[in-house]
Number of protein chains: 4
Amino acid sequence: MSKITFIGAGSTVFAKNVLGDVMLTPALAGFELALFDIDAERLRDSEQLLNNIRETSGSNCTIRAYSDRKEALRGAKYVINAIQVGGYDPCTITDFEIPKKYGLRQTIADTIGIGGIFRNLRTIPVMLDFAKDIQEVCPDAWFLNYTNPMAVLTNVMTSVGGVKTVGLCHSVQVCVPHLFDSLGMEFAGVETKIAGINHMAWLLEAKKDGVDLYPEIKRRAIEKQKEKHHDMVRFELMLRFGYYVTESSEHNAEYHPYFIKRNYPELIDRFNIPLDEYPRRCIEQIKGWQSMRESLLANRNLEHQRSHEYASYMMEAMETNKPFKIGGNVLNTGLITNLPKEACVEVPCLVDASGVTPTYVGDLPPQLAALNRTNINTQLLTIEAAVTGKREHIYHAALLDPHTSAELSIDDIVAMCDDLIEAHGSWLPAYK
Amino acid sequence: MSKITFIGAGSTVFAKNVLGDVMLTPALAGFELALFDIDAERLRDSEQLLNNIRETSGSNCTIRAYSDRKEALRGAKYVINAIQVGGYDPCTITDFEIPKKYGLRQTIADTIGIGGIFRNLRTIPVMLDFAKDIQEVCPDAWFLNYTNPMAVLTNVMTSVGGVKTVGLCHSVQVCVPHLFDSLGMEFAGVETKIAGINHMAWLLEAKKDGVDLYPEIKRRAIEKQKEKHHDMVRFELMLRFGYYVTESSEHNAEYHPYFIKRNYPELIDRFNIPLDEYPRRCIEQIKGWQSMRESLLANRNLEHQRSHEYASYMMEAMETNKPFKIGGNVLNTGLITNLPKEACVEVPCLVDASGVTPTYVGDLPPQLAALNRTNINTQLLTIEAAVTGKREHIYHAALLDPHTSAELSIDDIVAMCDDLIEAHGSWLPAYK
Amino acid sequence: MSKITFIGAGSTVFAKNVLGDVMLTPALAGFELALFDIDAERLRDSEQLLNNIRETSGSNCTIRAYSDRKEALRGAKYVINAIQVGGYDPCTITDFEIPKKYGLRQTIADTIGIGGIFRNLRTIPVMLDFAKDIQEVCPDAWFLNYTNPMAVLTNVMTSVGGVKTVGLCHSVQVCVPHLFDSLGMEFAGVETKIAGINHMAWLLEAKKDGVDLYPEIKRRAIEKQKEKHHDMVRFELMLRFGYYVTESSEHNAEYHPYFIKRNYPELIDRFNIPLDEYPRRCIEQIKGWQSMRESLLANRNLEHQRSHEYASYMMEAMETNKPFKIGGNVLNTGLITNLPKEACVEVPCLVDASGVTPTYVGDLPPQLAALNRTNINTQLLTIEAAVTGKREHIYHAALLDPHTSAELSIDDIVAMCDDLIEAHGSWLPAYK
Amino acid sequence: MSKITFIGAGSTVFAKNVLGDVMLTPALAGFELALFDIDAERLRDSEQLLNNIRETSGSNCTIRAYSDRKEALRGAKYVINAIQVGGYDPCTITDFEIPKKYGLRQTIADTIGIGGIFRNLRTIPVMLDFAKDIQEVCPDAWFLNYTNPMAVLTNVMTSVGGVKTVGLCHSVQVCVPHLFDSLGMEFAGVETKIAGINHMAWLLEAKKDGVDLYPEIKRRAIEKQKEKHHDMVRFELMLRFGYYVTESSEHNAEYHPYFIKRNYPELIDRFNIPLDEYPRRCIEQIKGWQSMRESLLANRNLEHQRSHEYASYMMEAMETNKPFKIGGNVLNTGLITNLPKEACVEVPCLVDASGVTPTYVGDLPPQLAALNRTNINTQLLTIEAAVTGKREHIYHAALLDPHTSAELSIDDIVAMCDDLIEAHGSWLPAYK
């Protein structure tokens with residue numbers, strides 16, 4: 001059973017990175033790389049591109065595109081998931097435009113918030129279909145989830161789907177080098193400890209030779225905040241709550257009730273908050289892909305350097321039993337002792353031949369646990385909605401969202417949810 | 001050790017009710033009723049009034065006023081606490097007026113919210129002084145706490161003070177009869193189950209002969225909401241979240257971000273929200289007491305009927321070993337399984353000769369747990385501030401408050417906290 | 001749905017006590033008392049006898065015997081269970097005689113130990129059949145279980161059967177009066193606290209007017225132990241481990257490895273241990289019933305005084321909402337914090353219109369928790385055997401039993417289990 | 001603070017292995033290796049021998065012997081503990097000879113059992129003295145404990161001493177290669193998962209290419225048991241309970257009530273159990289050291305190959321942040337969910353710059369949890385005795401020991417404890 005299945009393989013660049021990495025990993029030599037996507041054209045693009053890399057890298061992996069999902073999954077040892085349900089058009093447009101009519105502005109809308117709730121609601125049923133297939137044709141496979149909203153989807157795949165799942169996000173890997181870089185500090189040799197929930201995990205420790213670096217980090221951060229820059233929300237959060245957060249300013253701006261406020265319109269400029277950032281990125285990405293596509297596909301000499309994506313390193317660790325440490329998203333089986341046991345948490349995990357094993361964290365500082373809980377509230381109610389099929393829980397999820405509830409009245413929140421449900425049409429199952 | 005100590009005995013009417021009840025309870029015959037207050041005049045008033053009742057009731061209890069707190073506590077079997085620190089003037093005025101300058105309006109301000117935070121901060125050190133005395137002179141005493149903010153103070157007395165404490169609030173007792181009465185429904189024979197946190201506990205069940213009464217309650221509530229009345233916030237919460245809450249509309253208006261919103265000023269009228277209600281009540285109460293005082297004290301024939309206050313029934317149950325059931329506030333030792341273990345929860349408790357023993361509740365419906373968590377966040381950070389003496393945790397408590405954070409920016413919240421700390425002067429210990 | 005179903009109603013004397021009590025309880029007036037037993041003759045006896053009491057007591061309850069179990073259960077509000085599977089002959093005989101061949105002696109064999117294991121194994125499938133019926137025809141019924149082995153059967157009915165179950169045992173009620181009586185001490189006004197597991201729960205507190213009575217109890221116990229009496233094992237346990245245990249000496253003799261020891265045959269006499277006590281009692285009871293039967297059934301003027309059995313008081317409390325406190329057996333949902341969460345524990349429970357609600361106990365003294373765990377080990381492995389159908393877990397249950405493992409070698413234990421399985425024949429389901 | 005302190009450095013061979021390893025580890029270049037022992041002569045031996053290795057290895061570490069323990073610890077980054085309190089003569093002799101008078105035979109007596117209890121009782125106070133020093137002069141140091149009894153001492157250092165402790169035992173490392181070797185199976189490429197308590201942890205998984213190797217292991221084990229060999233107890237345990245245990249047959253023989261039984265004297269021969277094994281080893285070791293000493297110390301060209309001891313690899317991982325996986329002993333903070341939370345468990349741990357972080361295990365198979373609990377009972381009561389200073393808890397610890405309680409009566413157990421306490425004299429603190 002030496003097979004890696006990539007669902008959503010039409011994400012050509014991401015598939016190239018992850019499966020290109022695989023082809024450069026000796027421990028994964030000879031694996032079948034099974035590609036699946038509902039978009040047949042993009043699937044063909046990825047297949048062709050990966051075959052090009054296969055040639056240049058001299059890999060002996062087999063690359064095979066499937067039109068039948070269950071066949072793609074059959075016998076897989078690892079499943080990589082990078083789907084997006086509903087796409088930029090129509091669903092992301094809906095996620096942004098309807099709330100905007102109610103005066104509710106967003107930046108990314110892929111985590112919590114009103115956009116995150118609906119992104120979850122349309123993705124969960126699709127993922128649970130995967131879970132059913134996996135239970136049938138590859139029940140022992142490890143499911144590496146890259147699809148957002150990470151916390152809710154990973155939670156559902158594990159607790160409802162019964163699949164061995166870990167959720168993977170770049171934010172854990174890149175946040176600390178980014179922080180040090182932006183402050184002109186040397187990152188080499190720094191020891192860090194990160195835990196919390198996806199996109200709102202916390203840099204709990206940053207030490208060099210046993211010395212706490214936070215005082216110096218904060219001193220420089222105070223200086224940096226005196227001028228405009230692109231990470232102002234995150235620095236503000238650190239200076240107010242004491243710890244750096246894993247996800248960027250444009251994300252965190254909408255996870256809290258503090259930044260996008262109709263009562264304080266000046267904060268948008270002051271904290272340099274890019275409203276409607278995600279749709280802009282989508283449009284650029286779509287354009288970018290159109291121009292990039294031909295050159296990529298045409299390049300028979302396409303080379304690939306092993307990237308920093310966790311996936312190939314994890315599969316390597318599982319094959320070789322050499323331990324690898326990741327920040328992974330898993331169910332909170334008593335790992336973070338002051339977050340709800342039902343939540344999905346992002347904690348250090350050990351990867352080796354035993355699979356992905358989460359480590360114990362203990363209590364977070366109380367203010368960080370409190371901030372996490374405000375987001376977990378919405379996550380758990382979104383799951384409740386998806387699992388029970390009850391519309392009232394969609395309202396509850398939105399009503400508990402810190403940003404939505406700060407900005408809108410109950411009536412407006414409920415009306416906005418109704419509008420979003422209607423606009424989604426068949427992208428959502430029926431709610432009673 | 002047959003002694004009941006009443007701290008804050010200058011609350012003459014409340015002392016009259018509780019200790020008048022005691023004198024009418026045969027199982028408590030012969031007890032010494034020890035009165036303590038820092039206001040010598042009001043202490044004397046209470047002593048005189050209770051002596052009058054003693055005469056008319058023929059009680060053989062001893063009534064004794066103490067000027068030394070530790071002597072009042074020495075050897076007590078039960079301690080009843082009904083203190084208020086800082087009073088209407090200056091502290092309640094401060095709690096309302098400074099936030100108002102920032103545009104933050106409140107109704108009662110004695111639970112959470114910015115007013116609740118500061119009420120806690122000035123009361124905790126006083127209570128922990130009591131705890132030290134109790135450890136020294138009556139370590140086995142049961143401490144019946146009636147002082148607000150209930151959840152935080154009861155938590156601190158138990159977890160930090162190490163005193164056998166239960167927090168008691170009328171809301172659990174009165175909310176259900178009030179609900180049924182207001183809807184024209186018959187209360188007799190109704191079985192109810194209530195659990196959550198103080199002032200935001202939930203009527204989880206209301207059944208008669210095994211039949212769920214909620215459908216009928218909600219049908220009538222929808223009708224009632226069509227006209228203005230005095231419990232509109234609570235009904236709105238029930239219709240949106242599915243369950244009736246124990247505390248009144250004027251309280252719940254400020255526990256959530258939904259009702260007092262600068263963005264939606266019309267909600268004040270629509271939900272009939274009495275802003276600044278508590279200061280108004282204080283002024284009336286002070287006036288009322290001045291006019292009531294003379295007639296009460298002069299009345300040598302003052303009679304007392306046993307009230308519905310829990311205290312005398314609880315002490316009776318502890319003396320007689322006949323079980324009595326209360327809704328009490330206790331540490332969450334796994335009782336409500338989806339609220340933080342560090343929180344103080346309000347759950348059914350069994351009272352008998354073994355003392356006050358909380359019962360197991362399990363999971364709350366997820367939307368109710370989520371609402372509770374938003375308030376527990378502020379409670380736990382308030383305790384963190386009081387225990388560590390760190391000013392930053394005061395900011396955190398305010399920043400996590402759902403109403404405060406919905407209305408104000410971070411800068412305004414911090415500035416408001418600084419103003420409140422300064423205005424409190426020596427009513428607060430030094431924060432670093 | 002005013003119906004009380006009694007399963008095992010052929011236990012005529014016990015049915016008379018419990019249902020006689022019911023007929024004397026005003027709050028239960030008008031209930032149907034549904035009788036079921038697989039022994040048609042004894043069922044008829046019970047029906048006749050209860051009809052006699054009905055006449056003399058003037059009760060307006062309906063008494064009805066059913067030959068169809070599901071019909072007996074249909075619509076029940078309360079179910080009382082007092083079955084015995086396999087009876088004295090053949091099963092109790094088997095439970096005692098086969099172990100005796102291996103040199104393993106027992107006294108009662110209805111709790112743990114090799115006899116308790118097999119009593120559980122033959123009863124669990126029958127009880128789970130009840131559970132299926134209850135789920136179908138009276139899913140909201142409270143199941144009051146009086147059948148032994150209490151801990152395992154109550155555990156299984158709750159965790160596997162999904163039935164609202166509480167296990168009831170006389171030992172909690174009678175142990176303390178018995179103790180005080182046997183030591184010549186006055187019981188009135190004594191406050192006690194009992195928790196642990198069934199038949200091995202502990203008198204954690206015995207106080208009068210706040211004074212710990214244990215020093216006096218132990219002083220007298222030391223005196224009493226100087227002469228032979230009928231509770232020597234229990235006193236020895238108290239003097240060695242510090243606390244009195246709920247079940248009698250003849251029971252506890254076989255729960256521990258300390259008393260029935262081939263290496264120390266003199267202990268039988270020294271601690272006055274009645275080996276083979278239960279079979280003797282069975283024979284006497286059978287004889288006794290034969291002589292009692294005619295006089296009971298013939299007596300048209302049979303009167304009944306309300307007994308101290310919990311059942312009628314519990315149903316009264318549930319009907320009237322007046323709280324009643326019991327020691328009940330329930331799943332350990334964090335109630336006793338140093339016993340396994342999978343165990344069934346015996347703790348104070350509050351009974352009222354909300355049903356049976358267990359209270360929080362916390363940690364037991366460590367030596368008591370340790371003793372309980374040795375018995376819980378066998379209980380949990382017995383459940384594992386019954387639920388998985390794996391024979392190896394039967395061996396594990398026996399191998400973990402403190403008395404069995406102290407006396408026999410592994411080979412003998414396994415051979416003895418095999419013999420017992422074979423001797424049971426169709427009284428057990430097939431094990432793989 | 002680049003200092004490694006070795007307490008008990010007079011264990012010359014072990015110090016040579018661990019600190020020799022350190023000198024061969026580039027990441028630990030330049031560290032001070034601080035040696036401490038209460039035996040000045042052996043300390044000098046170790047110092048000389050390590051200096052010899054230093055020369056031959058070209059290490060730039062500093063080696064320094066201290067006569068003052070606190071100075072040895074001052075500023076340490078890592079502390080390695082390998083002390084033995086009371087030695088072979090008199091304490092080990094006492095541990096074996098006094099029980100033998102009561103007919104209680106032992107093999108190793110360094111884990112639980114009556115010997116393990118007393119070894120703990122004399123070691124705990126010494127270790128808690130270390131803890132006090134560490135709190136004062138190197139509070140951030142990691143304490144790598146190699147001293148037995150591992151579970152109890154590691155527990156106490158963490159929970160009472162407040163020191164960052166991990167307990168390390170060879171058994172986890174060597175048991176699986178040993179198993180495969182003894183069955184003629186190839187170990188390379190086998191993935192294993194081990195968890196439980198020290199000396200009784202379980203090989204939960206043994207897989208190669210996803211295939212469960214247990215069926216083949218058991219098939220071969222059944223064959224092997226047909227002839228005498230040196231691991232018969234362990235194989236019997238595996239065949240009866242389903243899983244291989246980490247510690248050897250001579251150890252496990254005394255952890256259970258199944259093997260050393262006066263009722264079944266033939267089991268000693270049948271399972272090839274080496275009674276009194278540990279004293280024999282001690283005598284040989286003492287003799288061996290006397291003959292080895294001169295040649296070792298005289299050898300100026302002494303070379304050292306890096307051994308498989310965890311210590312140098314762990315410190316390397318902490319210095320370099322390259323993850324290393326160990327089986328370590330830590331407090332059970334919810335890691336093994338069906339063992340008591342107060343216990344010390346042996347679980348996979350991740351070691352890197354964040355220190356030693358335990359991973360989550362979940363439930364053990366119920367029979368394994370049950371076996372572990374029987375030993376944890378004695379461990380927790382031993383700690384209770386040491387912490388409270390109450391003699392009764394020493395009795396409890398012995399009374400709960402499965403082997404002791406199977407073999408002896410209560411009277412004999414208590415008398416034996418009294419004899420052992422007396423024989424220990426000033427090796428134990430006073431018990432009340």
# chains A, B, ... in the order shown; residues from 1 in each chain; ligands from 1

call {"tool": "select_by_dssp", "arguments": {"residues": "region 74-288 of chain D", "states": "helix (DSSP H, G or I)", "output": "ChimeraX atom specification"}}
result
/D:87-101,113-137,150-159,170-182,214-224,232-241,249-252,266-270,277-288

call {"tool": "residues_around", "arguments": {"residues": "Leu381 (chain C)", "least_positions_apart": "2", "cutoff": "9 Å", "atoms": "only C-alpha atoms", "output": "NGL selection string"}}
result
(:C and (376-379 or 383-386 or 393-398 or 400)) or (:D and (366-367 or 370))

call {"tool": "write_last_selection", "arguments": {"atoms": "N, CA and C atoms", "output": "PDB file, in the first residue's frame"}}
result
ATOM      1  N   ILE C 376     -12.346  -2.923  41.081  1.00  0.00           N
ATOM      2  CA  ILE C 376     -12.783  -2.331  39.809  1.00  0.00           C
ATOM      3  C   ILE C 376     -12.070  -3.010  38.645  1.00  0.00           C
ATOM      4  N   ASN C 377     -10.800  -3.368  38.847  1.00  0.00           N
ATOM      5  CA  ASN C 377     -10.068  -4.089  37.797  1.00  0.00           C
ATOM      6  C   ASN C 377     -10.878  -5.279  37.298  1.00  0.00           C
ATOM      7  N   THR C 378     -11.306  -6.108  38.210  1.00  0.00           N
ATOM      8  CA  THR C 378     -12.082  -7.290  37.820  1.00  0.00           C
ATOM      9  C   THR C 378     -13.424  -6.897  37.204  1.00  0.00           C
ATOM     10  N   GLN C 379     -14.062  -5.893  37.765  1.00  0.00           N
ATOM     11  CA  GLN C 379     -15.353  -5.460  37.208  1.00  0.00           C
ATOM     12  C   GLN C 379     -15.211  -5.037  35.749  1.00  0.00           C
ATOM     13  N   ILE C 383     -16.838  -6.776  32.292  1.00  0.00           N
ATOM     14  CA  ILE C 383     -17.632  -6.058  31.285  1.00  0.00           C
ATOM     15  C   ILE C 383     -17.000  -6.235  29.906  1.00  0.00           C
ATOM     16  N   GLU C 384     -15.671  -6.114  29.850  1.00  0.00           N
ATOM     17  CA  GLU C 384     -14.968  -6.279  28.574  1.00  0.00           C
ATOM     18  C   GLU C 384     -15.274  -7.655  27.975  1.00  0.00           C
ATOM     19  N   ALA C 385     -15.252  -8.666  28.814  1.00  0.00           N
ATOM     20  CA  ALA C 385     -15.565 -10.020  28.337  1.00  0.00           C
ATOM     21  C   ALA C 385     -16.988 -10.075  27.780  1.00  0.00           C
ATOM     22  N   ALA C 386     -17.946  -9.541  28.544  1.00  0.00           N
ATOM     23  CA  ALA C 386     -19.342  -9.640  28.126  1.00  0.00           C
ATOM     24  C   ALA C 386     -19.600  -8.853  26.844  1.00  0.00           C
ATOM     25  N   HIS C 393     -10.817 -12.341  28.064  1.00  0.00           N
ATOM     26  CA  HIS C 393     -11.114 -11.324  29.076  1.00  0.00           C
ATOM     27  C   HIS C 393     -11.762 -11.939  30.316  1.00  0.00           C
ATOM     28  N   ILE C 394     -12.397 -13.089  30.161  1.00  0.00           N
ATOM     29  CA  ILE C 394     -12.877 -13.796  31.360  1.00  0.00           C
ATOM     30  C   ILE C 394     -11.667 -14.213  32.196  1.00  0.00           C
ATOM     31  N   TYR C 395     -10.673 -14.763  31.524  1.00  0.00           N
ATOM     32  CA  TYR C 395      -9.446 -15.108  32.263  1.00  0.00           C
ATOM     33  C   TYR C 395      -8.857 -13.868  32.934  1.00  0.00           C
ATOM     34  N   HIS C 396      -8.786 -12.768  32.181  1.00  0.00           N
ATOM     35  CA  HIS C 396      -8.221 -11.538  32.752  1.00  0.00           C
ATOM     36  C   HIS C 396      -8.980 -11.107  34.001  1.00  0.00           C
ATOM     37  N   ALA C 397     -10.293 -11.172  33.918  1.00  0.00           N
ATOM     38  CA  ALA C 397     -11.101 -10.774  35.082  1.00  0.00           C
ATOM     39  C   ALA C 397     -10.714 -11.618  36.286  1.00  0.00           C
ATOM     40  N   ALA C 398     -10.612 -12.917  36.086  1.00  0.00           N
ATOM     41  CA  ALA C 398     -10.269 -13.813  37.195  1.00  0.00           C
ATOM     42  C   ALA C 398      -8.827 -13.599  37.648  1.00  0.00           C
ATOM     43  N   LEU C 400      -7.159 -10.927  37.626  1.00  0.00           N
ATOM     44  CA  LEU C 400      -7.026  -9.664  38.350  1.00  0.00           C
ATOM     45  C   LEU C 400      -7.753  -9.677  39.683  1.00  0.00           C
TER      46      LEU C 400
ATOM     47  N   PRO D 366      -7.710  -2.767  28.531  1.00  0.00           N
ATOM     48  CA  PRO D 366      -8.147  -2.759  29.936  1.00  0.00           C
ATOM     49  C   PRO D 366      -7.382  -3.720  30.839  1.00  0.00           C
ATOM     50  N   GLN D 367      -6.949  -4.848  30.330  1.00  0.00           N
ATOM     51  CA  GLN D 367      -6.227  -5.774  31.212  1.00  0.00           C
ATOM     52  C   GLN D 367      -4.851  -5.215  31.578  1.00  0.00           C
ATOM     53  N   ALA D 370      -5.327  -2.558  34.162  1.00  0.00           N
ATOM     54  CA  ALA D 370      -5.611  -3.191  35.448  1.00  0.00           C
ATOM     55  C   ALA D 370      -4.320  -3.666  36.119  1.00  0.00           C
TER      56      ALA D 370
END

call {"tool": "residues_around", "arguments": {"residues": "Leu24 (chain A)", "least_positions_apart": "6", "cutoff": "8 Å", "atoms": "only C-alpha atoms", "output": "list in words"}}
result
Ser57, Ser59 and Arg306 of chain A

call {"tool": "write_last_selection", "arguments": {"atoms": "all heavy atoms", "output": "mmCIF file, in the first residue's frame"}}
result
data_model
loop_
_atom_site.group_PDB
_atom_site.id
_atom_site.type_symbol
_atom_site.label_atom_id
_atom_site.label_comp_id
_atom_site.auth_asym_id
_atom_site.auth_seq_id
_atom_site.Cartn_x
_atom_site.Cartn_y
_atom_site.Cartn_z
ATOM 1 N N SER A 57 13.546 14.904 -12.364
ATOM 2 C CA SER A 57 14.090 14.484 -11.069
ATOM 3 C C SER A 57 14.557 13.043 -11.082
ATOM 4 O O SER A 57 15.208 12.586 -10.152
ATOM 5 C CB SER A 57 13.028 14.654 -9.977
ATOM 6 O OG SER A 57 11.987 13.715 -10.184
ATOM 7 N N SER A 59 12.674 10.542 -10.662
ATOM 8 C CA SER A 59 11.902 9.783 -9.674
ATOM 9 C C SER A 59 11.299 8.531 -10.292
ATOM 10 O O SER A 59 10.945 8.512 -11.474
ATOM 11 C CB SER A 59 10.764 10.668 -9.142
ATOM 12 O OG SER A 59 9.809 9.886 -8.488
ATOM 13 N N ARG A 306 13.135 20.865 -3.109
ATOM 14 C CA ARG A 306 12.278 20.457 -1.998
ATOM 15 C C ARG A 306 11.880 21.680 -1.168
ATOM 16 O O ARG A 306 12.731 22.462 -0.739
ATOM 17 C CB ARG A 306 13.014 19.435 -1.110
ATOM 18 C CG ARG A 306 12.035 18.702 -0.191
ATOM 19 C CD ARG A 306 12.588 17.393 0.285
ATOM 20 N NE ARG A 306 11.733 16.780 1.279
ATOM 21 C CZ ARG A 306 12.077 15.744 2.026
ATOM 22 N NH1 ARG A 306 13.261 15.184 1.853
ATOM 23 N NH2 ARG A 306 11.226 15.240 2.905
#

call {"tool": "closest_atom_pairs", "arguments": {"of": "chain A", "to": "chain B", "cutoff": "9 Å", "atoms": "only C-alpha atoms", "output": "CSV"}}
result
residue,atom,partner,partner_atom,distance
A:Arg240,CA,B:Glu392,CA,7.9
A:Phe241,CA,B:His396,CA,7.1
A:His256,CA,B:Ser405,CA,8.9
A:Pro257,CA,B:Ala406,CA,5.9
A:Tyr258,CA,B:Ser409,CA,5.7
A:Phe259,CA,B:Ser409,CA,7.4
A:Lys261,CA,B:Ser409,CA,8.0
A:Arg262,CA,B:Asn263,CA,7.5
A:Asn263,CA,B:Asn263,CA,7.1
A:Tyr264,CA,B:Ser409,CA,7.1
A:Leu267,CA,B:Ser409,CA,8.5
A:Thr337,CA,B:Lys341,CA,8.9
A:Asn338,CA,B:Pro340,CA,6.5
A:Leu339,CA,B:Pro340,CA,7.3
A:Pro340,CA,B:Asn338,CA,6.5
A:Lys341,CA,B:Asn338,CA,7.6
A:Glu342,CA,B:Asn338,CA,8.2
A:Pro366,CA,B:Leu381,CA,6.6
A:Gln367,CA,B:His396,CA,6.3
A:Ala369,CA,B:Asn377,CA,8.3
A:Ala370,CA,B:Asn377,CA,5.1
A:Leu371,CA,B:Leu400,CA,7.3
A:Arg373,CA,B:Arg373,CA,7.2
A:Thr374,CA,B:Thr374,CA,6.5
A:Ile376,CA,B:Ala370,CA,8.4
A:Asn377,CA,B:Ala370,CA,5.1
A:Thr378,CA,B:Ala370,CA,8.0
A:Leu380,CA,B:Pro366,CA,7.3
A:Leu381,CA,B:Gln367,CA,6.6
A:Glu384,CA,B:Pro366,CA,7.8
A:Glu392,CA,B:Arg240,CA,7.8
A:His393,CA,B:Gln367,CA,7.7
A:Tyr395,CA,B:Arg240,CA,8.3
A:His396,CA,B:Gln367,CA,6.3
A:Ala397,CA,B:Gln367,CA,8.0
A:Leu399,CA,B:Tyr258,CA,8.6
A:Leu400,CA,B:Ala370,CA,7.2
A:Pro402,CA,B:Pro402,CA,7.6
A:His403,CA,B:Ala406,CA,7.8
A:Ser405,CA,B:Pro257,CA,6.1
A:Ala406,CA,B:Ala406,CA,4.1
A:Glu407,CA,B:Ala406,CA,7.0
A:Leu408,CA,B:Asn263,CA,7.8
A:Ser409,CA,B:Tyr258,CA,5.7
A:Ile410,CA,B:Tyr258,CA,6.2

call {"tool": "atom_distance", "arguments": {"atom1": "CA of Thr165 (chain A)", "atom2": "CA of Thr359 (chain A)"}}
result
15.4 Å

call {"tool": "residues_around", "arguments": {"residues": "Val190 (chain D)", "least_positions_apart": "5", "cutoff": "8 Å", "atoms": "only C-alpha atoms", "output": "PDB file with N, CA and C atoms, in the first residue's frame"}}
result
ATOM      1  N   ALA D 206       3.696  -3.637  17.392  1.00  0.00           N
ATOM      2  CA  ALA D 206       4.948  -4.001  16.722  1.00  0.00           C
ATOM      3  C   ALA D 206       4.561  -4.319  15.288  1.00  0.00           C
ATOM      4  N   LYS D 207       4.927  -3.407  14.392  1.00  0.00           N
ATOM      5  CA  LYS D 207       4.493  -3.525  12.999  1.00  0.00           C
ATOM      6  C   LYS D 207       5.669  -3.379  12.054  1.00  0.00           C
ATOM      7  N   LYS D 208       5.565  -4.048  10.954  1.00  0.00           N
ATOM      8  CA  LYS D 208       6.546  -3.852   9.885  1.00  0.00           C
ATOM      9  C   LYS D 208       5.752  -3.637   8.598  1.00  0.00           C
ATOM     10  N   ASP D 209       6.008  -2.571   7.936  1.00  0.00           N
ATOM     11  CA  ASP D 209       5.258  -2.241   6.722  1.00  0.00           C
ATOM     12  C   ASP D 209       3.749  -2.350   6.957  1.00  0.00           C
TER      13      ASP D 209
END

call {"tool": "closest_residue", "arguments": {"among": "B:Gly355, B:Pro323, B:Gly162, B:Pro177", "to": "Thr246 (chain B)", "atoms": "only C-alpha atoms"}}
result
B:Pro177

call {"tool": "closest_residue", "arguments": {"among": "A:Tyr313, A:Trp202, A:Tyr66, A:Tyr243", "to": "Glu346 (chain A)", "atoms": "only C-alpha atoms"}}
result
A:Trp202

call {"tool": "closest_residue", "arguments": {"among": "B:Gly425, B:Gly210, B:Pro215, B:Pro348", "to": "Arg122 (chain B)", "atoms": "only C-alpha atoms"}}
result
B:Gly425

call {"tool": "select_by_dssp", "arguments": {"residues": "region 127-297 of chain D", "states": "strand (DSSP E)", "output": "list in words"}}
result
Trp142, Phe143, Leu144, Asn145, Lys164, Thr165, Val166, Gly167, Glu191, Thr192, Lys193, Ile194, Ala195, Gly196, Ile197, Met200, Ala201, Trp202, Leu203, Leu204, Glu205, Ala206, Lys207, Lys208, Val211, Asp212, Tyr244 and Val245 of chain D

call {"tool": "residues_around", "arguments": {"residues": "Thr94 (chain B)", "least_positions_apart": "3", "cutoff": "12 Å", "atoms": "only C-alpha atoms", "output": "PyMOL selection string"}}
result
chain B and resi 86-91+97-101+109+114-116+118-119+279+416-417+419-425+427

call {"tool": "residues_around", "arguments": {"residues": "Leu144 (chain B)", "least_positions_apart": "3", "cutoff": "8 Å", "atoms": "only C-alpha atoms", "output": "NGL selection string"}}
result
:B and (78-81 or 165-168 or 311)
